[in-house]
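Participant: There's a structure below that I have some questions on.
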Amino acid sequence: MSSPQPARTQVAVVGAGPAGLMLTHLLAQAGIDSVALDTRTRTEIEHTHRAGILEQDSVDLLVDTGVSDRVLRDGYRHDGIELAFGGGGHRIDFQGLVGASTQLYPQTDVFIDLADARERDGGDVRFGVSDVSVGDLESGAPFVRFTDADGTAHELRADFLVGADGSRSLCRREVPEDRRRQYFREYPFAWFGILAEAPPSAPELIYSHSEHGFALISQRTETLQRMYFQCGPSEDPDAWSDDRIWSELQARVGANGYTLKEGPITSRSVLPFRSFVQEPMHHGRLVLAGDAAHTVPPTGAKGLNLALADVRVLAEELERAVAAADPAPLADYSDRALARVWKAQHFSYWMTTMLHTLPEATPFDVRRQEGELAAVTSSVAGSTFLAEAYTGWPQRG
């Protein structure tokens with residue numbers, strides 16, 4: 001008995017997180033067929049807690065393309081942030097400086113909205129697959145092979161293949177070493193993150209720099225808060241009691257005049273810091289998007305926003321590529337996306353090194369950081385640079 005003929009689609013997307021689902025949503029609106037698949041189940045992705053500060057362009061993308069307006073109803077608009085140092089707080093007024101805002105809306109909710117929209121629109125999304133492999137990337141019909149959740153093996157041939165499969169991307173590894181350049185930096189610290197059942201301690205995010213170390217005070221809902229403090233990459237979160245965690249957080253923000261509202265801690269984890277970029281973001285008929293191509297430290301709140309910016313551009317270039325049956329537009333996508341990626345890498349690195357306590361820092365280094373923070377917050381030009389980068393650079397053609 002002969003093997004069944006491979007199924008075909010125009011675009012196959014490995015990875016069905018926010019980047020992959022948004023891409024397939026945009027492709028569907030352009031009349032392009034696609035299939036998205038992910039090794040995780042939908043439930044697993046929904047229960048992976050991640051922060052979510054959305055730039056205005058990201059909010060508009062969700063709303064204007066018909067994914068959902070829940071981001072406007074359930075999200076929290078932030079018109080600024082607090083940079084705390086030297087014993088006090090200094091507000092960066094986004095609206096006053098650049099006329100923009102951010103929206104506090106968890107990444108898990110972005111995923112839920114997108115998954116619901118794909119189901120509503122009849123999108124072909126396969127969760128819980130296994131044994132994924134890709135190949136024939138330089139042919140006219142690259143493939144992705146996988147085993148479905150019910151145990152059935154499949155081969156899917158496509159005109160174009162997209163790797164949106166996260167920071168451990170299998171698609172990225174299929175690019176030959178002599179056809180790629182990788183840029184990497186690992187940082188000597190991490191974030192100890194918690195979710196706590198407590199009311200908000202502040203109306204906007206607080207980035208606190210003090211002699212006790214860095215802390216970030218964020219929010220989630222009226223009753224659930226997200227907070228972080230700098231720690232070592234090998235720190236064991238289970239070794240910390242609630243009392244010890246709260247004592248550490250209170251000391252770090254208390255040095256700048258803040259007092260946190262406490263409550264039971266429901267989740268704790270350690271988040272390592274890495275910067276990574278692979279260039280170019282395409283090879284043959286394979287193209288990379290989101291964390292598969294680049295990661296940033298979380299300090300600048302750029303990770304999810306970069307992924308959404310990627311696929312917004314990628315959808316345009318794939319529409320051109322499909323129409324012409326030509327992979328040439330993928331190079332244009334790579335150039336356009338990387339221009340934004342490197343701006344975000346710089347901003348994330350700058351925010352990280354300006355606010356965190358660096359290993360073996362001398363008293364000079366600490367005072368220099370305070371001088372830098374003072375220069376930024378006391379200068380309209382400096383504050384405007386931060387506000388523009390934090391709220392997101394406008395999308396351009």
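By order of appearance in the structure tokens: chains A, B, ..., then residues from 1 within every chain, and ligands from 1 in the order shown.
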Quick one: pick out all strand (DSSP E) residues within region 92-302 of chain A from a backbone DSSP run and write them as a PyMOL selection string.

Facilitator: chain A and resi 92-93+102-104+124-127+130-135+143-147+153-163+181-197+206-208+215-217+224-231+265-279+282-283+286-288+294-295

Participant: So that I can check the surroundings of region 81-92 of chain A, please list as a PyMOL selection string every protein, DNA and RNA residue that reaches within 9 Å of it, counting only C-alpha atoms and ignoring chain neighbours fewer than 6 positions away.

Facilitator: chain A and resi 204-210+253-258+355+370+373-374+377-378+383-384+386-387

Participant: Write a file of the just-selected residues containing N, CA and C atoms, as a CSV table (one decimal), in the first residue's frame.

Facilitator:
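Everything below was put into result_17.csv:
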chain,number,residue,atom,x,y,z
A,204,GLU,N,0.8,52.7,38.4
A,204,GLU,CA,1.7,52.4,37.3
A,204,GLU,C,2.9,51.6,37.7
A,205,LEU,N,3.6,51.2,36.7
A,205,LEU,CA,4.8,50.4,37.1
A,205,LEU,C,5.9,51.2,37.8
A,206,ILE,N,6.6,50.6,38.7
A,206,ILE,CA,7.7,51.2,39.4
A,206,ILE,C,8.9,50.5,39.1
A,207,TYR,N,9.9,51.1,38.5
A,207,TYR,CA,11.3,50.5,38.3
A,207,TYR,C,12.2,51.1,39.4
A,208,SER,N,12.6,50.3,40.4
A,208,SER,CA,13.3,50.8,41.6
A,208,SER,C,14.7,50.4,41.6
A,209,HIS,N,15.6,51.4,41.7
A,209,HIS,CA,17.1,51.2,41.8
A,209,HIS,C,17.5,51.7,43.1
A,210,SER,N,18.1,50.8,43.9
A,210,SER,CA,18.6,51.2,45.2
A,210,SER,C,19.8,50.4,45.7
A,253,VAL,N,12.1,48.8,47.5
A,253,VAL,CA,11.3,49.9,47.2
A,253,VAL,C,11.2,50.9,48.3
A,254,GLY,N,11.3,50.4,49.5
A,254,GLY,CA,11.2,51.3,50.7
A,254,GLY,C,12.4,52.4,50.7
A,255,ALA,N,13.5,52.0,50.2
A,255,ALA,CA,14.6,52.9,50.1
A,255,ALA,C,14.3,54.2,49.2
A,256,ASN,N,13.2,54.0,48.4
A,256,ASN,CA,12.8,55.1,47.6
A,256,ASN,C,11.4,55.7,48.0
A,257,GLY,N,11.0,55.3,49.2
A,257,GLY,CA,9.8,55.9,49.7
A,257,GLY,C,8.5,55.2,49.5
A,258,TYR,N,8.5,54.0,49.0
A,258,TYR,CA,7.3,53.2,48.7
A,258,TYR,C,7.0,52.1,49.7
A,355,LEU,N,19.5,50.2,35.4
A,355,LEU,CA,18.7,50.0,36.6
A,355,LEU,C,19.2,48.8,37.5
A,370,GLU,N,23.3,56.3,39.1
A,370,GLU,CA,22.4,57.3,39.7
A,370,GLU,C,22.4,58.6,38.8
A,373,LEU,N,20.4,58.0,35.6
A,373,LEU,CA,19.0,58.1,35.9
A,373,LEU,C,18.6,59.6,36.1
A,374,ALA,N,19.4,60.3,36.8
A,374,ALA,CA,19.1,61.7,37.0
A,374,ALA,C,19.1,62.5,35.7
A,377,THR,N,15.8,61.6,33.8
A,377,THR,CA,14.6,62.1,34.4
A,377,THR,C,14.5,63.6,34.5
A,378,SER,N,15.6,64.3,34.5
A,378,SER,CA,15.7,65.7,34.6
A,378,SER,C,15.7,66.4,33.2
A,383,SER,N,13.9,62.0,28.8
A,383,SER,CA,12.7,61.4,29.1
A,383,SER,C,11.9,61.1,27.9
A,384,THR,N,12.0,61.9,26.9
A,384,THR,CA,11.2,61.7,25.6
A,384,THR,C,11.8,60.4,24.9
A,386,LEU,N,13.2,57.8,26.3
A,386,LEU,CA,12.7,56.7,27.0
A,386,LEU,C,11.2,56.4,26.7
A,387,ALA,N,10.4,57.5,26.7
A,387,ALA,CA,9.0,57.3,26.5
A,387,ALA,C,8.7,56.8,25.1

Participant: Near region 130-144 of chain A, counting only C-alpha atoms, which residues have an atom at most 10 Å away, once you skip same-chain residues fewer than 3 positions from it, shown as a tab-separated table (two decimals) with N, CA, C and O atoms, in the first residue's frame?

Facilitator:
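The resulting part-v8.tsv:
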chain	number	residue	atom	x	y	z
A	6	PRO	N	1.15	13.85	0.70
A	6	PRO	CA	1.21	14.88	1.72
A	6	PRO	C	0.11	15.92	1.52
A	6	PRO	O	-0.27	16.24	0.39
A	7	ALA	N	-0.39	16.42	2.62
A	7	ALA	CA	-1.34	17.53	2.53
A	7	ALA	C	-0.59	18.78	2.11
A	7	ALA	O	0.62	18.88	2.27
A	8	ARG	N	-1.33	19.77	1.58
A	8	ARG	CA	-0.70	21.01	1.14
A	8	ARG	C	-1.41	22.22	1.74
A	8	ARG	O	-2.61	22.18	2.01
A	9	THR	N	-0.62	23.25	1.95
A	9	THR	CA	-1.16	24.55	2.35
A	9	THR	C	-0.22	25.61	1.78
A	9	THR	O	0.89	25.29	1.33
A	10	GLN	N	-0.64	26.84	1.81
A	10	GLN	CA	0.23	27.89	1.30
A	10	GLN	C	1.32	28.27	2.31
A	10	GLN	O	2.48	28.47	1.93
A	11	VAL	N	0.96	28.36	3.57
A	11	VAL	CA	1.92	28.71	4.61
A	11	VAL	C	1.74	27.77	5.80
A	11	VAL	O	0.63	27.65	6.34
A	12	ALA	N	2.81	27.09	6.20
A	12	ALA	CA	2.79	26.26	7.40
A	12	ALA	C	3.55	27.00	8.50
A	12	ALA	O	4.66	27.50	8.26
A	13	VAL	N	2.96	27.07	9.67
A	13	VAL	CA	3.53	27.84	10.79
A	13	VAL	C	3.80	26.88	11.94
A	13	VAL	O	2.89	26.27	12.49
A	14	VAL	N	5.08	26.74	12.29
A	14	VAL	CA	5.47	25.93	13.45
A	14	VAL	C	5.50	26.87	14.65
A	14	VAL	O	6.33	27.77	14.74
A	37	LEU	N	0.78	24.79	14.04
A	37	LEU	CA	0.84	23.65	14.95
A	37	LEU	C	1.80	23.96	16.10
A	37	LEU	O	2.70	24.78	15.98
A	38	ASP	N	1.56	23.29	17.23
A	38	ASP	CA	2.37	23.53	18.42
A	38	ASP	C	2.45	22.26	19.24
A	38	ASP	O	1.47	21.52	19.35
A	39	THR	N	3.63	22.02	19.83
A	39	THR	CA	3.80	20.83	20.65
A	39	THR	C	3.08	20.95	21.98
A	39	THR	O	2.78	19.94	22.62
A	40	ARG	N	2.78	22.16	22.40
A	40	ARG	CA	2.05	22.36	23.65
A	40	ARG	C	0.54	22.25	23.40
A	40	ARG	O	0.07	22.51	22.29
A	127	PHE	N	-2.90	21.81	18.18
A	127	PHE	CA	-2.18	21.84	19.44
A	127	PHE	C	-1.82	20.41	19.87
A	127	PHE	O	-2.45	19.44	19.46
A	147	THR	N	3.36	14.38	14.37
A	147	THR	CA	2.35	13.43	14.81
A	147	THR	C	1.27	14.19	15.54
A	147	THR	O	1.55	14.93	16.50
A	148	ASP	N	0.04	14.01	15.08
A	148	ASP	CA	-1.09	14.72	15.68
A	148	ASP	C	-1.35	14.25	17.10
A	148	ASP	O	-0.82	13.21	17.53
A	149	ALA	N	-2.19	14.98	17.82
A	149	ALA	CA	-2.50	14.63	19.20
A	149	ALA	C	-3.16	13.26	19.30
A	149	ALA	O	-3.06	12.60	20.35
A	151	GLY	N	-2.21	10.71	17.55
A	151	GLY	CA	-1.23	9.69	17.19
A	151	GLY	C	-1.05	9.47	15.71
A	151	GLY	O	-0.26	8.60	15.30
A	153	ALA	N	0.40	10.27	12.09
A	153	ALA	CA	1.54	10.96	11.49
A	153	ALA	C	1.10	11.72	10.25
A	153	ALA	O	0.26	11.25	9.47
A	154	HIS	N	1.67	12.92	10.07
A	154	HIS	CA	1.31	13.78	8.94
A	154	HIS	C	2.55	14.34	8.28
A	154	HIS	O	3.57	14.57	8.94
A	155	GLU	N	2.46	14.58	6.98
A	155	GLU	CA	3.43	15.39	6.27
A	155	GLU	C	2.67	16.50	5.57
A	155	GLU	O	1.71	16.24	4.84
A	156	LEU	N	3.10	17.73	5.83
A	156	LEU	CA	2.44	18.90	5.28
A	156	LEU	C	3.43	19.64	4.39
A	156	LEU	O	4.51	20.03	4.85
A	157	ARG	N	3.09	19.80	3.13
A	157	ARG	CA	3.91	20.57	2.20
A	157	ARG	C	3.31	21.97	2.07
A	157	ARG	O	2.10	22.14	2.04
A	158	ALA	N	4.20	22.96	1.97
A	158	ALA	CA	3.73	24.34	1.92
A	158	ALA	C	4.56	25.13	0.92
A	158	ALA	O	5.67	24.73	0.53
A	159	ASP	N	4.03	26.26	0.50
A	159	ASP	CA	4.81	27.18	-0.33
A	159	ASP	C	5.87	27.87	0.51
A	159	ASP	O	6.98	28.11	0.03
A	160	PHE	N	5.52	28.17	1.75
A	160	PHE	CA	6.44	28.84	2.67
A	160	PHE	C	6.25	28.28	4.07
A	160	PHE	O	5.15	27.88	4.46
A	161	LEU	N	7.34	28.27	4.82
A	161	LEU	CA	7.35	27.72	6.17
A	161	LEU	C	7.80	28.80	7.15
A	161	LEU	O	8.80	29.48	6.90
A	163	GLY	N	8.89	29.65	11.13
A	163	GLY	CA	9.27	29.19	12.46
A	163	GLY	C	8.92	30.26	13.47
A	163	GLY	O	9.60	31.29	13.56
A	170	LEU	N	13.23	24.80	16.88
A	170	LEU	CA	13.82	23.75	16.05
A	170	LEU	C	14.01	24.26	14.62
A	170	LEU	O	14.94	23.86	13.93
A	171	CYS	N	13.14	25.17	14.18
A	171	CYS	CA	13.27	25.71	12.83
A	171	CYS	C	14.57	26.50	12.69
A	171	CYS	O	15.26	26.39	11.66
A	174	GLU	N	17.65	24.58	11.81
A	174	GLU	CA	17.73	24.00	10.47
A	174	GLU	C	18.42	24.91	9.47
A	174	GLU	O	18.70	24.49	8.34
A	175	VAL	N	18.70	26.14	9.86
A	175	VAL	CA	19.45	27.03	8.98
A	175	VAL	C	20.93	26.64	9.05
A	175	VAL	O	21.50	26.59	10.14
A	283	HIS	N	15.70	31.81	5.42
A	283	HIS	CA	16.62	30.92	4.70
A	283	HIS	C	15.78	30.11	3.74
A	283	HIS	O	14.87	29.36	4.15
A	284	GLY	N	16.07	30.25	2.43
A	284	GLY	CA	15.24	29.56	1.45
A	284	GLY	C	13.80	30.00	1.56
A	284	GLY	O	13.49	31.18	1.49
A	285	ARG	N	12.93	29.04	1.81
A	285	ARG	CA	11.50	29.36	1.99
A	285	ARG	C	11.08	29.27	3.45
A	285	ARG	O	9.88	29.21	3.75
A	286	LEU	N	12.06	29.28	4.33
A	286	LEU	CA	11.81	29.34	5.77
A	286	LEU	C	12.03	30.76	6.26
A	286	LEU	O	13.00	31.41	5.88
A	287	VAL	N	11.15	31.22	7.13
A	287	VAL	CA	11.30	32.53	7.73
A	287	VAL	C	11.02	32.41	9.22
A	287	VAL	O	10.19	31.60	9.65
A	325	ALA	N	4.79	33.80	-6.16
A	325	ALA	CA	5.42	32.46	-6.06
A	325	ALA	C	6.94	32.59	-6.02
A	325	ALA	O	7.67	31.85	-6.69
A	326	ASP	N	7.40	33.54	-5.20
A	326	ASP	CA	8.82	33.90	-5.18
A	326	ASP	C	9.22	34.23	-3.75
A	326	ASP	O	8.57	35.05	-3.09
A	327	PRO	N	10.31	33.62	-3.22
A	327	PRO	CA	10.71	33.89	-1.84
A	327	PRO	C	11.45	35.22	-1.65
A	327	PRO	O	11.81	35.57	-0.53

Participant: Quote the spacing between CA of Pro237 (chain A) and CA of Ser269 (chain A) in Å to one decimal place.

Facilitator: 5.7 Å

Participant: Which one of A:Thr24, A:Ser234, A:Gln56, A:Gln219 sits closest to Ala389 (chain A) if you count only C-alpha atoms?

Facilitator: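 Comparing A:Thr24, A:Ser234, A:Gln56, A:Gln219 against Ala389 (chain A), the winner is A:Gln56.
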
Participant: Give me the region 297-368 of chain A side of the contact with region 177-195 of chain A, cut-off 9 Å, one line per residue showing its nearest atom pair and distance in Å at one decimal, counting only C-alpha atoms, sorted by chain and residue number, as JSON lines.

Facilitator:
{"residue": "A:Pro297", "atom": "CA", "partner": "A:Tyr187", "partner_atom": "CA", "distance": 8.8}
{"residue": "A:His356", "atom": "CA", "partner": "A:Phe189", "partner_atom": "CA", "distance": 8.7}
{"residue": "A:Thr357", "atom": "CA", "partner": "A:Phe189", "partner_atom": "CA", "distance": 8.9}
{"residue": "A:Leu358", "atom": "CA", "partner": "A:Pro188", "partner_atom": "CA", "distance": 7.9}
{"residue": "A:Pro359", "atom": "CA", "partner": "A:Pro188", "partner_atom": "CA", "distance": 7.2}

Participant: Those selected residues, please, written with N, CA, C and O atoms and delivered as an mmCIF file, in the first residue's frame.

Facilitator:
data_model
loop_
_atom_site.group_PDB
_atom_site.id
_atom_site.type_symbol
_atom_site.label_atom_id
_atom_site.label_comp_id
_atom_site.auth_asym_id
_atom_site.auth_seq_id
_atom_site.Cartn_x
_atom_site.Cartn_y
_atom_site.Cartn_z
ATOM 1 N N PRO A 297 16.075 41.036 27.088
ATOM 2 C CA PRO A 297 15.764 41.064 28.518
ATOM 3 C C PRO A 297 14.382 41.695 28.719
ATOM 4 O O PRO A 297 13.963 42.539 27.915
ATOM 5 N N HIS A 356 19.914 47.853 36.980
ATOM 6 C CA HIS A 356 20.291 46.706 37.789
ATOM 7 C C HIS A 356 21.651 46.901 38.459
ATOM 8 O O HIS A 356 22.500 47.641 37.968
ATOM 9 N N THR A 357 21.823 46.191 39.579
ATOM 10 C CA THR A 357 23.112 46.176 40.262
ATOM 11 C C THR A 357 24.026 45.196 39.540
ATOM 12 O O THR A 357 23.717 44.005 39.443
ATOM 13 N N LEU A 358 25.114 45.676 39.008
ATOM 14 C CA LEU A 358 26.013 44.822 38.244
ATOM 15 C C LEU A 358 26.999 44.118 39.175
ATOM 16 O O LEU A 358 27.444 44.706 40.169
ATOM 17 N N PRO A 359 27.363 42.861 38.907
ATOM 18 C CA PRO A 359 28.318 42.148 39.757
ATOM 19 C C PRO A 359 29.634 42.924 39.850
ATOM 20 O O PRO A 359 30.109 43.485 38.869
#

Participant: Go ahead and compute the interatomic distance for CA of Gly20 (chain A) and CA of Tyr349 (chain A), in Å to one decimal.

Facilitator: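 Distance reported for this atom pair: 26.1 Å.
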
Participant: Using only C-alpha atoms, determine which residues lie at most 12 Å from His47 (chain A), disregarding the query and same-chain residues fewer than 5 positions distant; provide the list as a JSON list (two decimals) with N, CA and C atoms, in the first residue's frame.

Facilitator:
[["chain", "number", "residue", "atom", "x", "y", "z"],
["A", 40, "ARG", "N", 2.78, 22.16, 22.40],
["A", 40, "ARG", "CA", 2.05, 22.36, 23.65],
["A", 40, "ARG", "C", 0.54, 22.25, 23.40],
["A", 41, "THR", "N", -0.20, 21.86, 24.43],
["A", 41, "THR", "CA", -1.65, 21.90, 24.32],
["A", 41, "THR", "C", -2.12, 23.33, 24.53],
["A", 42, "ARG", "N", -3.34, 23.60, 24.12],
["A", 42, "ARG", "CA", -3.88, 24.94, 24.34],
["A", 42, "ARG", "C", -3.93, 25.25, 25.84],
["A", 106, "PRO", "N", -2.11, 40.80, 30.15],
["A", 106, "PRO", "CA", -1.22, 39.64, 30.19],
["A", 106, "PRO", "C", -1.13, 38.90, 28.86],
["A", 107, "GLN", "N", 0.04, 38.36, 28.58],
["A", 107, "GLN", "CA", 0.25, 37.62, 27.34],
["A", 107, "GLN", "C", -0.68, 36.43, 27.24],
["A", 108, "THR", "N", -1.02, 35.82, 28.36],
["A", 108, "THR", "CA", -1.95, 34.69, 28.32],
["A", 108, "THR", "C", -3.31, 35.13, 27.77],
["A", 109, "ASP", "N", -3.74, 36.34, 28.08],
["A", 109, "ASP", "CA", -5.02, 36.83, 27.56],
["A", 109, "ASP", "C", -4.91, 37.15, 26.06],
["A", 111, "PHE", "N", -3.05, 35.48, 24.03],
["A", 111, "PHE", "CA", -3.14, 34.15, 23.40],
["A", 111, "PHE", "C", -4.58, 33.66, 23.37],
["A", 112, "ILE", "N", -5.30, 33.80, 24.48],
["A", 112, "ILE", "CA", -6.69, 33.33, 24.52],
["A", 112, "ILE", "C", -7.53, 34.04, 23.47],
["A", 267, "SER", "N", 2.47, 32.23, 43.11],
["A", 267, "SER", "CA", 3.40, 31.70, 42.12],
["A", 267, "SER", "C", 4.74, 32.38, 42.28]]

Participant: Determine the nearest neighbour of Phe347 (chain A) from the options A:Thr48, A:Ser68, A:Ser379, A:Ser275, counting only C-alpha atoms.

Facilitator: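 So, comparing all the options, the nearest one is A:Ser275.
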
Participant: How many Å lie between CA of Ile217 (chain A) and CA of Ala307 (chain A), rounded to one decimal?

Facilitator: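 Between these atoms lies a distance of 24.0 Å.
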
Participant: Taking into account only C-alpha atoms, which residue in the set A:Gln230, A:Ser247, A:Ser101, A:Ser169 is nearest to Ala215 (chain A)?

Facilitator: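 Of the candidates, the smallest distance to Ala215 (chain A) is held by A:Gln230.
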
Participant: Name the closest residue to Asp79 (chain A) among the candidates A:Pro329, A:Gln225, A:Phe146, A:Glu388; distances are taken between atoms, counting only C-alpha atoms.

Facilitator: A:Glu388

Participant: What are the DSSP helix (DSSP H, G or I) residues of region 102-295 of chain A, as a ChimeraX atom specification?

Facilitator: /A:107-120,170-173,177-179,237-239,242-254,290-292
